[in-house]
Amino acid sequence: MVVITGTPGVGKTVTAKRVSEMRGMRLLELGALAQSGAISGKDAERESLIIDPRKLRAAIRRELKGADSDFIAEGHYGEIVPAELVKKAIVIRLDPIELESRLRDRGYPEKKVRENVQAEILDSCLIGAVEAFGQDGVVEIDSTGLGEDALAKVVSEAIDGNAGAPPGTVNWIAKLEKDGKIAKLLQ
Ligand SMILES: Nc1ncnc2c1ncn2[C@@H]1O[C@H](COP(=O)(O)OP(=O)(O)O)[C@@H](O)[C@H]1O
Ligand SMILES: [Mg+2]
């Protein structure tokens, strides 16, 4: 199975759907799977659901049981997929400035916009993926400026080992510092 992960808003769902169609792979939406039986509560302050990792892992294994095709799993907690099932994890990255405007367009409350933009700046999903799957099991792809078709193509190439950069290649802090934008985004 290939895992596609990244901060909310970077384009995981759109991209994973396209790539799964292009390659005839089955799509596992971790968020949807969690909602249908692996929720342990609600984080009122964050307005988000709390996942039960054990139940979600069990649900993933159930989906895979007896399936003969290869899978793409997508979700912003991709590291939840049991490592022994994962051939490669692809972390989609997006310039935090672009991510901020996308999340605002999505109607996210300002607090959630800040939280996710900061998670992208601080490499949260990348770090989670490397901790779960190891440096060699993870590649990152900067999607900034890539339309849906172009991004799907690069992700598909990354599955074949022909695209994607090693973890640590993307450095938003350096870029934002250079542009004088870091302080405002981290406040
Ligand atoms: N490559 C892309 N270029 C521009 N916009 C995109 C791209 N991929 C997705 N989007 C848009 O960004 C938003 C978030 O996409 P989505 O796939 O739902 O992200 P995620 O699943 O990572 O939260 C959607 O409005 C989507 O249409
Ligand atoms: Mg999504």
# chains A, B, ... in the order shown; residues from 1 in each chain; ligands from 1

call {"tool": "residues_near_ligand", "arguments": {"ligand": "ligand 1", "cutoff": "6 Å", "atoms": "only C-alpha atoms and all ligand atoms", "output": "number ranges by chain"}}
result
A: 8-14, 146-148, 151

call {"tool": "select_by_dssp", "arguments": {"residues": "chain A", "states": "strand (DSSP E)", "output": "count of residues only"}}
result
32

call {"tool": "residues_near_ligand", "arguments": {"ligand": "ligand 2", "cutoff": "12 Å", "atoms": "only C-alpha atoms and all ligand atoms", "output": "ChimeraX atom specification"}}
result
/A:4-17,28-32,73-78,92,103,106

call {"tool": "closest_atom_pairs", "arguments": {"of": "range 84-150 of chain A", "to": "range 59-70 of chain A", "cutoff": "12 Å", "atoms": "only C-alpha atoms", "output": "CSV"}}
result
residue,atom,partner,partner_atom,distance
A:Glu84,CA,A:Arg61,CA,11.2
A:Leu85,CA,A:Arg61,CA,9.0
A:Val86,CA,A:Asp70,CA,10.7
A:Lys87,CA,A:Asp70,CA,10.4

call {"tool": "select_by_dssp", "arguments": {"residues": "range 28-154 of chain A", "states": "alpha helix (DSSP H)", "output": "number ranges by chain"}}
result
A: 30-35, 53-64, 96-105, 110-121, 124-133, 148-154

call {"tool": "residues_around", "arguments": {"residues": "range 168-178 of chain A", "least_positions_apart": "6", "cutoff": "8 Å", "atoms": "only C-alpha atoms", "output": "PyMOL selection string"}}
result
chain A and resi 93+95-96+121-122+140+142

call {"tool": "atom_distance", "arguments": {"atom1": "CA of Ala38 in chain A", "atom2": "CA of Ala129 in chain A"}}
result
20.3 Å

call {"tool": "closest_residue", "arguments": {"among": "A:Glu79, A:Glu131, A:Glu45, A:Glu21", "to": "Arg57 in chain A", "atoms": "only C-alpha atoms"}}
result
A:Glu79

call {"tool": "closest_residue", "arguments": {"among": "A:Gly161, A:Gly41, A:Gly180, A:Pro53", "to": "Val2 in chain A", "atoms": "only C-alpha atoms"}}
result
A:Gly161

call {"tool": "atom_distance", "arguments": {"atom1": "CA of Ala83 in chain A", "atom2": "CA of Phe133 in chain A"}}
result
5.8 Å

call {"tool": "closest_residue", "arguments": {"among": "A:Val3, A:Ile127, A:Ile50, A:Ile39", "to": "Ala89 in chain A", "atoms": "only C-alpha atoms"}}
result
A:Val3

call {"tool": "closest_residue", "arguments": {"among": "A:Pro166, A:Pro82, A:Gly145, A:Gly24", "to": "Ile97 in chain A", "atoms": "only C-alpha atoms"}}
result
A:Gly145
